[in-house]
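Engineer: Structure file entry_22.txt, compact mmCIF, C-alpha atoms and all ligand atoms, is pasted below:
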# COMPACT_ATOMS: atom_id res chain seq x y z
CA MET S 1 -25.22 0.01 -9.23
CA ASN S 2 -21.85 1.58 -8.96
CA GLN S 3 -21.38 5.30 -8.77
CA ARG S 4 -19.78 5.75 -12.19
CA TYR S 5 -22.74 4.04 -13.81
CA ILE S 6 -25.18 6.44 -12.10
CA VAL S 7 -23.26 9.48 -13.36
CA PHE S 8 -23.27 7.99 -16.85
CA LEU S 9 -27.04 7.43 -16.73
CA LEU S 10 -27.61 10.94 -15.49
CA LEU S 11 -25.56 12.38 -18.35
CA ILE S 12 -27.46 10.32 -20.90
CA SER S 13 -30.87 11.34 -19.58
CA CYS S 14 -29.71 14.92 -19.38
CA SER S 15 -28.83 15.05 -23.08
CA VAL S 16 -31.94 13.13 -24.16
CA THR S 17 -34.70 14.74 -22.12
CA PHE S 18 -33.55 18.33 -21.85
CA SER S 19 -30.57 20.35 -22.82
CA CYS S 20 -27.96 20.85 -20.12
CA LYS S 21 -26.65 23.81 -22.09
CA LYS S 22 -28.14 27.22 -21.56
CA LYS S 23 -30.47 28.17 -24.35
CA SER S 24 -28.77 30.14 -27.08
CA ASP S 25 -30.53 32.58 -29.33
CA SER S 26 -29.83 35.20 -31.95
CA ASN S 27 -31.81 38.33 -32.69
CA TRP S 28 -31.53 41.23 -35.05
CA LEU S 29 -31.27 44.37 -33.02
CA ASN S 30 -34.01 46.97 -33.53
CA PHE S 31 -33.30 49.33 -30.69
CA ILE S 32 -30.10 50.70 -29.16
CA PRO S 33 -30.20 52.24 -25.66
CA ILE S 34 -28.09 55.17 -24.54
CA GLY S 35 -24.90 54.02 -22.85
CA GLU S 36 -24.19 55.14 -19.35
CA GLU S 37 -20.46 54.73 -19.14
CA ILE S 38 -19.24 57.93 -17.55
CA GLU S 39 -15.60 57.22 -18.44
CA LEU S 40 -16.33 56.98 -22.15
CA ILE S 41 -18.55 60.05 -22.07
CA GLU S 42 -15.81 62.02 -20.35
CA GLU S 43 -13.19 60.74 -22.78
CA LEU S 44 -15.28 61.87 -25.72
CA ALA S 45 -15.86 65.28 -24.19
CA SER S 46 -12.09 65.77 -23.82
CA MET S 47 -11.37 64.87 -27.46
CA THR S 48 -11.49 66.99 -30.55
CA ASN S 49 -13.06 65.09 -33.43
CA PRO S 50 -10.94 61.92 -33.53
CA CYS S 51 -11.96 61.19 -37.14
CA ARG S 52 -10.12 64.31 -38.33
CA ASP S 53 -6.88 63.52 -36.53
CA ALA S 54 -4.37 61.94 -38.96
CA GLU S 55 -2.62 60.26 -36.05
CA ASN S 56 -5.64 58.00 -35.63
CA TYR S 57 -5.11 56.66 -39.18
CA ILE S 58 -1.64 55.27 -38.43
CA PRO S 59 -1.85 51.47 -38.81
CA ASP S 60 -1.87 49.80 -35.39
CA PRO S 61 1.17 47.47 -35.28
CA ASP S 62 -0.85 45.02 -33.14
CA HIS S 63 -3.77 45.07 -35.57
CA PRO S 64 -2.40 46.20 -38.94
CA LYS S 65 -5.42 44.80 -40.81
CA HIS S 66 -7.71 47.24 -39.03
CA THR S 67 -6.30 49.72 -41.56
CA SER S 68 -7.63 48.55 -44.91
CA TYR S 69 -5.04 47.94 -47.60
CA LYS S 70 -5.49 50.57 -50.32
CA ARG S 71 -4.87 49.83 -53.99
CA VAL S 72 -4.39 53.02 -55.99
CA LYS S 73 -5.42 52.80 -59.65
CA VAL S 74 -2.78 54.24 -61.96
CA ASN S 75 -2.15 54.61 -65.68
CA PHE S 76 0.91 55.89 -67.53
CA HIS S 77 1.31 58.14 -70.55
CA ILE S 78 4.67 58.19 -72.26
CA ILE S 79 4.94 61.20 -74.51
CA ARG S 80 7.40 61.35 -77.42
CA ASN S 81 7.99 63.80 -80.23
CA ALA S 82 6.01 63.60 -83.45
CA GLU S 83 8.52 61.14 -84.86
CA GLY S 84 8.20 58.85 -81.86
CA LYS S 85 11.58 59.87 -80.44
CA GLY S 86 12.77 61.60 -77.30
CA ASN S 87 11.36 59.13 -74.76
CA LEU S 88 11.01 55.42 -74.05
CA SER S 89 10.12 53.18 -77.00
CA GLU S 90 6.95 51.08 -76.70
CA LYS S 91 8.82 47.88 -76.03
CA VAL S 92 11.22 49.32 -73.44
CA GLY S 93 8.56 51.65 -72.02
CA ARG S 94 5.97 48.99 -71.22
CA LYS S 95 8.56 46.81 -69.54
CA TYR S 96 10.10 49.68 -67.65
CA VAL S 97 6.76 50.99 -66.33
CA GLN S 98 6.06 47.51 -64.95
CA GLU S 99 9.48 47.44 -63.29
CA VAL S 100 8.98 50.90 -61.81
CA LEU S 101 5.65 49.82 -60.34
CA ILE S 102 7.10 46.67 -58.78
CA SER S 103 9.98 48.60 -57.30
CA ALA S 104 7.81 51.49 -56.03
CA ASN S 105 5.38 49.03 -54.42
CA GLU S 106 8.23 47.13 -52.77
CA GLY S 107 9.52 50.40 -51.38
CA LEU S 108 6.12 51.09 -49.79
CA SER S 109 5.60 47.65 -48.34
CA GLU S 110 9.13 47.11 -47.05
CA ASN S 111 9.74 50.68 -45.89
CA SER S 112 13.06 51.67 -44.29
CA LYS S 113 13.99 52.87 -40.86
CA MET S 114 14.33 56.66 -40.65
CA ARG S 115 17.86 57.99 -40.53
CA LEU S 116 16.87 61.27 -38.91
CA PRO S 117 17.03 62.36 -36.19
CA ALA S 118 20.16 60.41 -35.27
CA GLY S 119 19.40 57.68 -32.74
CA ASN S 120 15.63 57.83 -33.35
CA ASP S 121 13.36 54.98 -32.42
CA THR S 122 10.67 55.82 -34.96
CA GLU S 123 8.64 52.75 -35.73
CA VAL S 124 8.89 51.15 -39.19
CA LEU S 125 5.44 50.29 -40.52
CA SER S 126 4.43 48.84 -43.84
CA ALA S 127 2.62 51.59 -45.77
CA ARG S 128 -0.43 49.40 -46.53
CA TYR S 129 -1.02 50.99 -49.94
CA LYS S 130 0.19 50.20 -53.40
CA TYR S 131 -0.38 51.03 -57.07
CA GLU S 132 -2.12 48.91 -59.69
CA LEU S 133 -2.24 49.51 -63.43
CA TRP S 134 -5.82 50.27 -64.34
CA PRO S 135 -6.73 49.90 -68.02
CA THR S 136 -10.04 51.05 -69.48
CA SER S 137 -12.76 48.62 -70.49
CA TYR S 138 -13.28 50.42 -73.81
CA ILE S 139 -9.82 50.52 -75.45
CA PRO S 140 -9.00 47.18 -77.11
CA ASN S 141 -6.06 45.33 -75.48
CA ASP S 142 -5.61 48.20 -73.03
CA ASP S 143 -2.91 47.66 -70.41
CA GLY S 144 -3.08 51.13 -68.87
CA ILE S 145 0.17 52.27 -70.55
CA TYR S 146 -0.28 54.74 -73.39
CA PHE S 147 2.12 56.27 -75.91
CA HIS S 148 1.47 59.64 -77.48
CA ASN S 149 3.59 61.29 -80.16
CA ASP S 150 3.32 65.04 -79.74
CA ASP S 151 5.98 67.70 -80.43
CA GLU S 152 4.34 70.14 -78.07
CA HIS S 153 4.04 67.92 -74.99
CA TYR S 154 6.86 65.39 -74.99
CA PHE S 155 9.40 67.48 -73.09
CA ASN S 156 9.57 68.87 -69.60
CA ILE S 157 11.48 72.01 -68.67
CA ASN S 158 11.65 72.79 -64.99
CA ARG S 159 13.52 76.07 -65.02
CA GLY S 160 14.07 79.15 -67.15
CA LYS S 161 11.79 81.09 -69.47
CA LYS S 162 10.40 78.06 -71.25
CA LYS S 163 9.48 76.32 -68.02
CA ASN S 164 6.41 74.14 -68.51
CA ILE S 165 6.55 71.85 -65.50
CA PHE S 166 3.44 73.33 -63.87
CA LYS S 167 1.34 73.38 -67.05
CA ARG S 168 -1.76 71.21 -67.06
CA ASP S 169 -2.28 71.02 -70.82
CA VAL S 170 -0.86 67.50 -71.23
CA TYR S 171 -3.42 66.23 -68.70
CA GLU S 172 -6.29 68.11 -70.36
CA LYS S 173 -5.35 66.61 -73.71
CA TYR S 174 -4.47 63.02 -72.83
CA GLY S 175 -5.91 62.20 -69.39
CA ILE S 176 -7.89 58.92 -69.30
CA GLN S 177 -10.47 57.96 -66.62
CA LYS S 178 -9.52 61.18 -64.88
CA ASP S 179 -12.07 60.97 -62.08
CA SER S 180 -11.13 57.47 -60.98
CA VAL S 181 -7.52 56.76 -62.00
CA LEU S 182 -4.32 58.54 -61.01
CA ASN S 183 -2.76 59.51 -64.36
CA VAL S 184 1.06 59.57 -64.55
CA PHE S 185 2.60 61.54 -67.43
CA VAL S 186 6.14 60.57 -68.34
CA GLN S 187 7.82 63.37 -70.25
CA ASP S 188 11.45 63.70 -71.18
CA VAL S 189 14.08 66.18 -72.25
CA HIS S 190 13.64 68.49 -75.21
CA LEU S 191 15.93 66.99 -77.81
CA ASP S 192 17.60 70.40 -78.25
CA SER S 193 18.68 70.35 -74.58
CA ILE S 194 20.51 67.06 -74.97
CA ALA S 195 22.62 68.66 -77.67
CA SER S 196 23.85 71.25 -75.13
CA LYS S 197 27.01 70.19 -73.30
CA SER S 198 26.06 71.85 -70.02
CA PHE S 199 22.93 69.70 -69.74
CA THR S 200 22.68 66.85 -67.23
CA ALA S 201 19.58 64.72 -67.02
CA ARG S 202 18.05 64.34 -63.58
CA ALA S 203 14.73 62.68 -63.09
CA ASN S 204 12.13 65.03 -61.60
CA GLY S 205 8.40 65.44 -61.22
CA VAL S 206 5.45 67.44 -59.98
CA ALA S 207 2.16 66.51 -58.37
CA PHE S 208 -1.33 67.87 -58.95
CA SER S 209 -4.53 67.01 -57.11
CA THR S 210 -5.21 63.64 -58.79
CA TRP S 211 -2.34 63.22 -61.29
CA VAL S 212 1.41 63.61 -61.57
CA LYS S 213 4.04 64.49 -64.11
CA VAL S 214 7.35 62.71 -63.94
CA ALA S 215 10.18 63.54 -66.22
CA LEU S 216 13.49 62.51 -67.61
CA TRP S 217 13.16 58.84 -66.89
CA HIS S 218 14.48 57.94 -70.31
CA GLU S 219 17.47 60.29 -70.11
CA ALA S 220 18.08 59.47 -66.44
CA LEU S 221 18.27 55.80 -67.35
CA ARG S 222 20.94 56.53 -69.89
CA ASP S 223 22.73 58.67 -67.35
CA THR S 224 23.83 55.70 -65.27
CA VAL S 225 27.53 55.99 -64.43
CA TYR S 226 29.65 52.92 -65.01
CA GLN S 227 32.93 52.05 -63.30
CA ASN S 228 34.76 48.91 -64.32
CA GLY S 229 31.65 47.89 -66.17
CA LYS S 230 29.40 48.18 -63.08
CA ALA S 231 26.66 50.73 -62.63
CA VAL S 232 27.60 52.84 -59.60
CA VAL S 233 24.84 55.39 -59.85
CA PRO S 234 21.99 53.25 -61.05
CA GLY S 235 19.70 55.88 -62.55
CA LYS S 236 17.01 53.26 -63.06
CA TYR S 237 16.35 53.18 -59.32
CA ASN S 238 15.43 56.84 -59.10
CA PRO S 239 12.09 56.85 -60.99
CA PRO S 240 10.31 54.45 -58.56
CA LYS S 241 11.39 56.61 -55.62
CA LEU S 242 10.29 59.74 -57.42
CA LEU S 243 6.96 58.16 -58.21
CA ASN S 244 6.44 57.43 -54.51
CA HIS S 245 7.41 61.02 -53.72
CA GLU S 246 4.98 62.60 -56.21
CA ILE S 247 2.11 60.28 -55.30
CA GLY S 248 2.86 61.08 -51.65
CA HIS S 249 2.04 64.72 -52.54
CA VAL S 250 -1.24 63.65 -54.19
CA PHE S 251 -2.27 62.07 -50.89
CA GLY S 252 -1.48 65.10 -48.82
CA LEU S 253 2.19 64.74 -47.86
CA ALA S 254 4.37 67.84 -47.76
CA HIS S 255 8.14 67.95 -48.11
CA ALA S 256 9.60 66.47 -44.97
CA TRP S 257 12.59 68.77 -44.49
CA GLY S 258 10.34 71.69 -43.51
CA ARG S 259 7.18 71.84 -41.47
CA ASP S 260 4.94 69.04 -42.62
CA ASN S 261 2.63 68.48 -39.63
CA CYS S 262 4.58 65.36 -38.69
CA GLU S 263 6.63 65.30 -35.52
CA ASP S 264 8.53 62.21 -36.61
CA THR S 265 10.07 64.00 -39.62
CA PRO S 266 12.58 66.51 -38.17
CA GLU S 267 13.51 69.71 -40.01
CA HIS S 268 16.88 69.43 -41.77
CA PRO S 269 18.93 71.05 -44.56
CA ASN S 270 17.75 68.55 -47.23
CA CYS S 271 21.16 67.40 -48.45
CA TRP S 272 21.10 65.11 -51.48
CA ALA S 273 24.10 63.02 -50.43
CA LEU S 274 26.58 62.63 -47.57
CA THR S 275 29.60 64.93 -47.76
CA GLY S 276 31.00 64.17 -44.30
CA VAL S 277 30.94 67.90 -43.51
CA PRO S 278 28.09 69.72 -41.74
CA PRO S 279 25.34 70.31 -42.60
CA CYS S 280 25.55 67.27 -44.88
CA HIS S 281 27.25 64.95 -42.40
CA GLU S 282 23.93 63.18 -41.88
CA ILE S 283 21.23 62.93 -44.47
CA SER S 284 17.61 61.96 -44.62
CA ASN S 285 16.26 58.89 -46.36
CA ASN S 286 12.66 60.06 -46.25
CA ILE S 287 10.62 59.62 -49.44
CA MET S 288 9.35 63.20 -49.12
CA ASP S 289 12.85 64.73 -49.07
CA TYR S 290 15.27 65.12 -51.96
CA ASN S 291 18.00 62.61 -51.37
CA ALA S 292 19.64 59.65 -52.98
CA HIS S 293 17.79 57.12 -50.80
CA MET S 294 14.12 58.14 -50.57
CA SER S 295 13.06 54.91 -48.94
CA ALA S 296 11.36 55.77 -45.62
CA LEU S 297 7.86 56.91 -44.69
CA THR S 298 7.17 57.60 -41.02
CA PRO S 299 4.05 56.44 -39.15
CA CYS S 300 2.71 60.00 -39.23
CA GLN S 301 3.13 60.23 -43.00
CA ILE S 302 1.47 56.84 -43.52
CA GLY S 303 -1.41 57.96 -41.29
CA ARG S 304 -1.84 61.12 -43.37
CA VAL S 305 -2.05 59.12 -46.62
CA HIS S 306 -4.73 56.80 -45.20
CA LYS S 307 -6.67 59.73 -43.81
CA SER S 308 -6.54 61.50 -47.14
CA ILE S 309 -7.89 58.44 -48.98
CA LEU S 310 -10.62 57.71 -46.43
CA THR S 311 -11.89 61.22 -45.85
CA ASN S 312 -11.36 63.10 -49.13
CA PRO S 313 -13.86 61.88 -51.79
CA ILE S 314 -11.62 62.99 -54.69
CA LYS S 315 -8.70 60.91 -53.41
CA ARG S 316 -10.93 58.05 -52.33
CA ALA S 317 -12.17 57.72 -55.92
CA LEU S 318 -8.60 56.85 -56.97
CA VAL S 319 -8.50 53.58 -55.02
CA ILE S 320 -10.14 50.27 -55.96
CA LYS S 321 -13.59 50.19 -54.36
CA ASP S 322 -13.20 46.83 -52.64
CA TRP S 323 -15.55 47.54 -49.75
CA CYS S 324 -18.86 46.68 -51.50
CA LYS S 325 -18.75 42.92 -52.01
CA LEU S 326 -18.80 41.00 -48.73
CA ASN S 327 -15.54 39.11 -48.28
CA PRO S 328 -15.74 36.73 -45.28
CA TYR S 329 -11.94 36.31 -45.43
CA LYS S 330 -11.79 39.92 -44.30
CA ASN S 331 -14.02 39.43 -41.24
CA PHE S 332 -12.93 41.25 -38.11
CA ASN S 333 -12.95 38.98 -35.08
CA ILE S 334 -12.75 41.27 -32.08
CA LYS S 335 -11.48 39.38 -29.05
CA GLU S 336 -10.19 42.22 -26.88
CA GLU S 337 -10.88 45.89 -26.19
CA ILE S 338 -10.52 47.85 -29.43
CA THR S 339 -11.40 51.46 -30.21
CA TRP S 340 -11.72 52.67 -33.79
CA ASN S 341 -10.91 56.38 -33.78
CA SER S 342 -10.78 56.68 -37.56
CA CYS S 343 -13.01 56.15 -40.61
CA LYS S 344 -13.02 52.62 -41.98
CA THR S 345 -14.05 50.74 -45.10
CA VAL S 346 -14.93 47.31 -43.72
CA GLN S 347 -14.82 44.45 -46.24
CA GLY S 348 -16.19 41.56 -44.14
CA ASN S 349 -18.46 41.06 -41.12
CA ILE S 350 -17.57 42.42 -37.70
CA ILE S 351 -17.76 39.68 -35.07
CA ILE S 352 -17.39 40.74 -31.45
CA GLU S 353 -16.52 37.59 -29.59
CA ASN S 354 -16.95 36.79 -25.89
CA GLY S 355 -14.64 39.11 -23.95
CA GLY S 356 -14.34 41.45 -26.91
CA ARG S 357 -15.44 45.06 -26.89
CA LEU S 358 -15.45 47.42 -29.85
CA VAL S 359 -15.96 51.18 -29.67
CA ILE S 360 -16.69 52.76 -33.07
CA ARG S 361 -16.35 56.53 -33.31
CA CYS S 362 -16.24 57.45 -37.00
CA LYS S 363 -17.75 56.76 -40.42
CA THR S 364 -17.61 53.03 -41.03
CA SER S 365 -18.89 51.60 -44.29
CA MET S 366 -20.26 48.06 -44.24
CA PRO S 367 -20.29 45.88 -47.38
CA ASN S 368 -23.51 44.64 -49.03
CA GLY S 369 -25.16 41.86 -47.01
CA SER S 370 -22.73 42.14 -44.09
CA GLU S 371 -23.50 42.09 -40.39
CA ILE S 372 -22.14 42.99 -37.01
CA VAL S 373 -22.47 40.03 -34.63
CA VAL S 374 -22.22 40.58 -30.87
CA HIS S 375 -21.62 37.39 -28.88
CA PRO S 376 -23.29 36.97 -25.42
CA GLN S 377 -20.28 38.34 -23.59
CA GLY S 378 -19.22 40.78 -26.26
CA GLU S 379 -19.95 44.50 -26.37
CA LEU S 380 -20.41 47.12 -29.07
CA VAL S 381 -20.38 50.82 -28.23
CA LEU S 382 -21.27 53.34 -30.92
CA GLN S 383 -19.82 56.66 -29.88
CA GLY S 384 -20.52 59.18 -32.60
CA ALA S 385 -20.27 56.31 -35.09
CA HIS S 386 -21.81 56.49 -38.53
CA LEU S 387 -22.54 53.01 -39.87
CA TYR S 388 -23.57 52.96 -43.53
CA ASN S 389 -23.24 51.25 -46.89
CA ASP S 390 -21.19 53.16 -49.48
CA CYS S 391 -22.39 51.09 -52.45
CA ASP S 392 -26.09 52.00 -52.96
CA GLY S 393 -26.92 48.69 -51.28
CA GLN S 394 -27.79 47.44 -47.82
CA TRP S 395 -25.95 45.74 -45.03
CA ASN S 396 -27.91 43.37 -42.82
CA GLY S 397 -27.64 45.02 -39.41
CA ILE S 398 -26.55 44.12 -35.90
CA LYS S 399 -27.18 40.59 -34.63
CA VAL S 400 -27.09 39.97 -30.89
CA LEU S 401 -26.46 36.48 -29.57
CA SER S 402 -27.74 35.28 -26.19
CA GLU S 403 -27.03 32.36 -23.96
CA GLY S 404 -29.53 31.89 -21.15
CA LYS S 405 -30.08 35.34 -19.71
CA VAL S 406 -26.79 36.76 -20.99
CA SER S 407 -26.98 38.76 -24.22
CA GLY S 408 -24.42 40.73 -26.21
CA LYS S 409 -24.42 44.38 -25.14
CA VAL S 410 -24.93 47.24 -27.57
CA SER S 411 -25.25 50.91 -26.63
CA TYR S 412 -24.61 54.32 -28.10
CA ILE S 413 -23.12 57.51 -26.74
CA GLY S 414 -22.97 60.90 -28.39
CA LYS S 415 -25.42 62.71 -30.60
CA ALA S 416 -23.69 62.06 -33.92
CA THR S 417 -24.38 58.32 -33.95
CA VAL S 418 -26.12 57.44 -37.23
CA ILE S 419 -27.12 54.05 -38.61
CA GLU S 420 -28.14 53.89 -42.26
CA HIS S 421 -28.84 51.38 -45.04
CA SER S 422 -29.40 48.53 -42.63
CA LYS S 423 -31.89 45.89 -43.84
CA ASN S 424 -33.02 45.24 -40.25
CA ASN S 425 -34.04 48.67 -39.14
CA ILE S 426 -32.37 50.03 -36.02
CA GLN S 427 -33.74 52.84 -33.83
CA LEU S 428 -31.68 54.76 -31.30
CA GLU S 429 -33.18 55.45 -27.89
CA LYS S 430 -34.29 59.07 -27.71
CA GLU S 431 -32.17 61.19 -25.47
CA PRO S 432 -34.18 62.66 -22.58
CA GLU S 433 -34.98 66.31 -23.08
CA ILE S 434 -33.13 68.52 -20.68
CA LYS S 435 -35.47 71.07 -19.16
CA SER S 436 -33.95 74.40 -18.37
ZN ZN S 501 8.09 67.22 -53.93
Would you kindly transcribe this structure into structure tokens?
Structural biologist:
Amino acid sequence: MNQRYIVFLLLISCSVTFSCKKKSDSNWLNFIPIGEEIELIEELASMTNPCRDAENYIPDPDHPKHTSYKRVKVNFHIIRNAEGKGNLSEKVGRKYVQEVLISANEGLSENSKMRLPAGNDTEVLSARYKYELWPTSYIPNDDGIYFHNDDEHYFNINRGKKKNIFKRDVYEKYGIQKDSVLNVFVQDVHLDSIASKSFTARANGVAFSTWVKVALWHEALRDTVYQNGKAVVPGKYNPPKLLNHEIGHVFGLAHAWGRDNCEDTPEHPNCWALTGVPPCHEISNNIMDYNAHMSALTPCQIGRVHKSILTNPIKRALVIKDWCKLNPYKNFNIKEEITWNSCKTVQGNIIIENGGRLVIRCKTSMPNGSEIVVHPQGELVLQGAHLYNDCDGQWNGIKVLSEGKVSGKVSYIGKATVIEHSKNNIQLEKEPEIKS
């Protein structure tokens, strides 16, 4: 018998009589021991609450999908005078609202590099949020764009005695799905103002907690300046930028020329356009400034928006709740060392693969029927984590895989760790009582 034949026979008998592979197994976890990693414990002790720090909500350029994509539900109200004049017609209005949305969403996803400070190396991140028209289920043929004819509410005046820009009455009267949809009111110029020669139409707006007023779109569109038949100041491009600005306020952004809690937005004189002479020899292009460009959001600003949506229930209600139904296409496959220092709305399963290690520190909602799977050489550390289901349902729990004697590791550190709504019940090891 030659040697190769013997090896072959051995292999055959090996696979027939017993498995050469180590035995693999999977178990739902019922008990989580206290972790003993001094480094992590010390790191936690040196941190303020990471879940409250907006910086931790900035999308990670290496793992952008770890920041869920937010879809903000919006509707539009175009108000005209009692005769149906003084603002966009139904035909033009519906089309224009759609165009504004496309353009505003493009602005958020493409984002521009910051112009200030000169020579900056501020990172350009996609904003990872957008707007979607959100009709009701009870109005026939609803598209989320409404027209109201109302002499009292069709106009917007932002200065002088008759100023009404900060009035809420239009929202009280016409708001639809107020607790779950961001309502946008499009007002225009009082028809008497247009008659005055000194009047120039400039699009403007104002933001409230869950809704915004924008104004003078219709007049601003007409205001486009033509030279040799070409539009040189295309007024139609201002409303999408203004919409992004006002909705930025709704989600907690301040004007960027002053102090706004963001180090990557320097203070500046807020010039509208370049004049070539100081202080307007360099101008901002930030969405939260007043300028002709309004096309950039910094990482800090993007982080603040995501934090606002994830941690403020009133703002959170304005986005599509897409974290209830399990979507395996949105599984997280953790293959390296990852720490989640911010709240998350997970849409798939979390799979910690061999060599992967995930530290969860904040509120993390798991979709119905989902699970966390820890492979034999994977590790999950819950450090002040709060795992729960935000949909009145249950998630399945934590599954640990083993191979031979090696099992996936799971531990917890920190008193705030909470596990709720898990179908397979999980207990945390009791911390030893410290006797004084
Ligand atoms: Zn503003």
Engineer: Restricting the calculation to all atoms listed in the file: of S:Pro266, S:Gly248, S:Gly397, S:Pro313, which residue gets closest to ligand ZN 501 (chain S)?
Structural biologist: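 The shortest atom-to-atom distance to ligand ZN 501 (chain S) comes from S:Gly248.
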Engineer: What does the structure give for the distance between CA of His63 (chain S) and CA of His306 (chain S), in Å to one decimal?
Structural biologist: 15.2 Å
Engineer: For region 35-47 of chain S, work out the shell of residues within 9 Å, counting all atoms listed in the file and skipping chain neighbours fewer than 4 positions away, then give it as a PyMOL selection string.
Structural biologist: chain S and resi 381-383+410-414
Engineer: Counting all atoms listed in the file, which of S:Asn204, S:Gln187, S:Ser89, S:Asn111 gets nearest to ligand ZN 501 (chain S)?
Structural biologist: S:Asn204
Engineer: With a distance cut-off of 10 Å and only C-alpha atoms, select the neighbouring residues of His245 (chain S), excluding the residue or stretch itself and same-chain residues fewer than 6 positions from it, and output the selection as a list in words.
Structural biologist: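 Using only C-alpha atoms, the neighbours found are Ala104, Gly205, Val206, Ala207, Pro239, Leu253, Ala254, His255, Asn286, Ile287, Met288, Asp289, Tyr290, Met294, Ser295 and Leu297 of chain S.
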Engineer: Take CA of Ser402 (chain S) and CA of Glu429 (chain S) and report the distance between them in Å, one decimal.
Structural biologist: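 Calculated distance between CA of Ser402 (chain S) and CA of Glu429 (chain S) is 21.0 Å.
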Engineer: Let me know the centre plus edge lengths, in Å and rounded to one decimal, of a box with edges along x, y and z that contains all listed atoms of region 66-82 of chain S and is padded by 3 Å on every side, as lines of an AutoDock Vina configuration file.
Structural biologist:
center_x = 0.1
center_y = 55.5
center_z = -61.2
size_x = 21.7
size_y = 22.6
size_z = 50.4
Engineer: Write out as a PyMOL selection string each polymer residue whose atoms come within 7 Å of region 318-330 of chain S, counting only C-alpha atoms; drop sequence neighbours fewer than 3 positions from it.
Structural biologist: chain S and resi 70-73+180-182+315+345-349+367-370+391
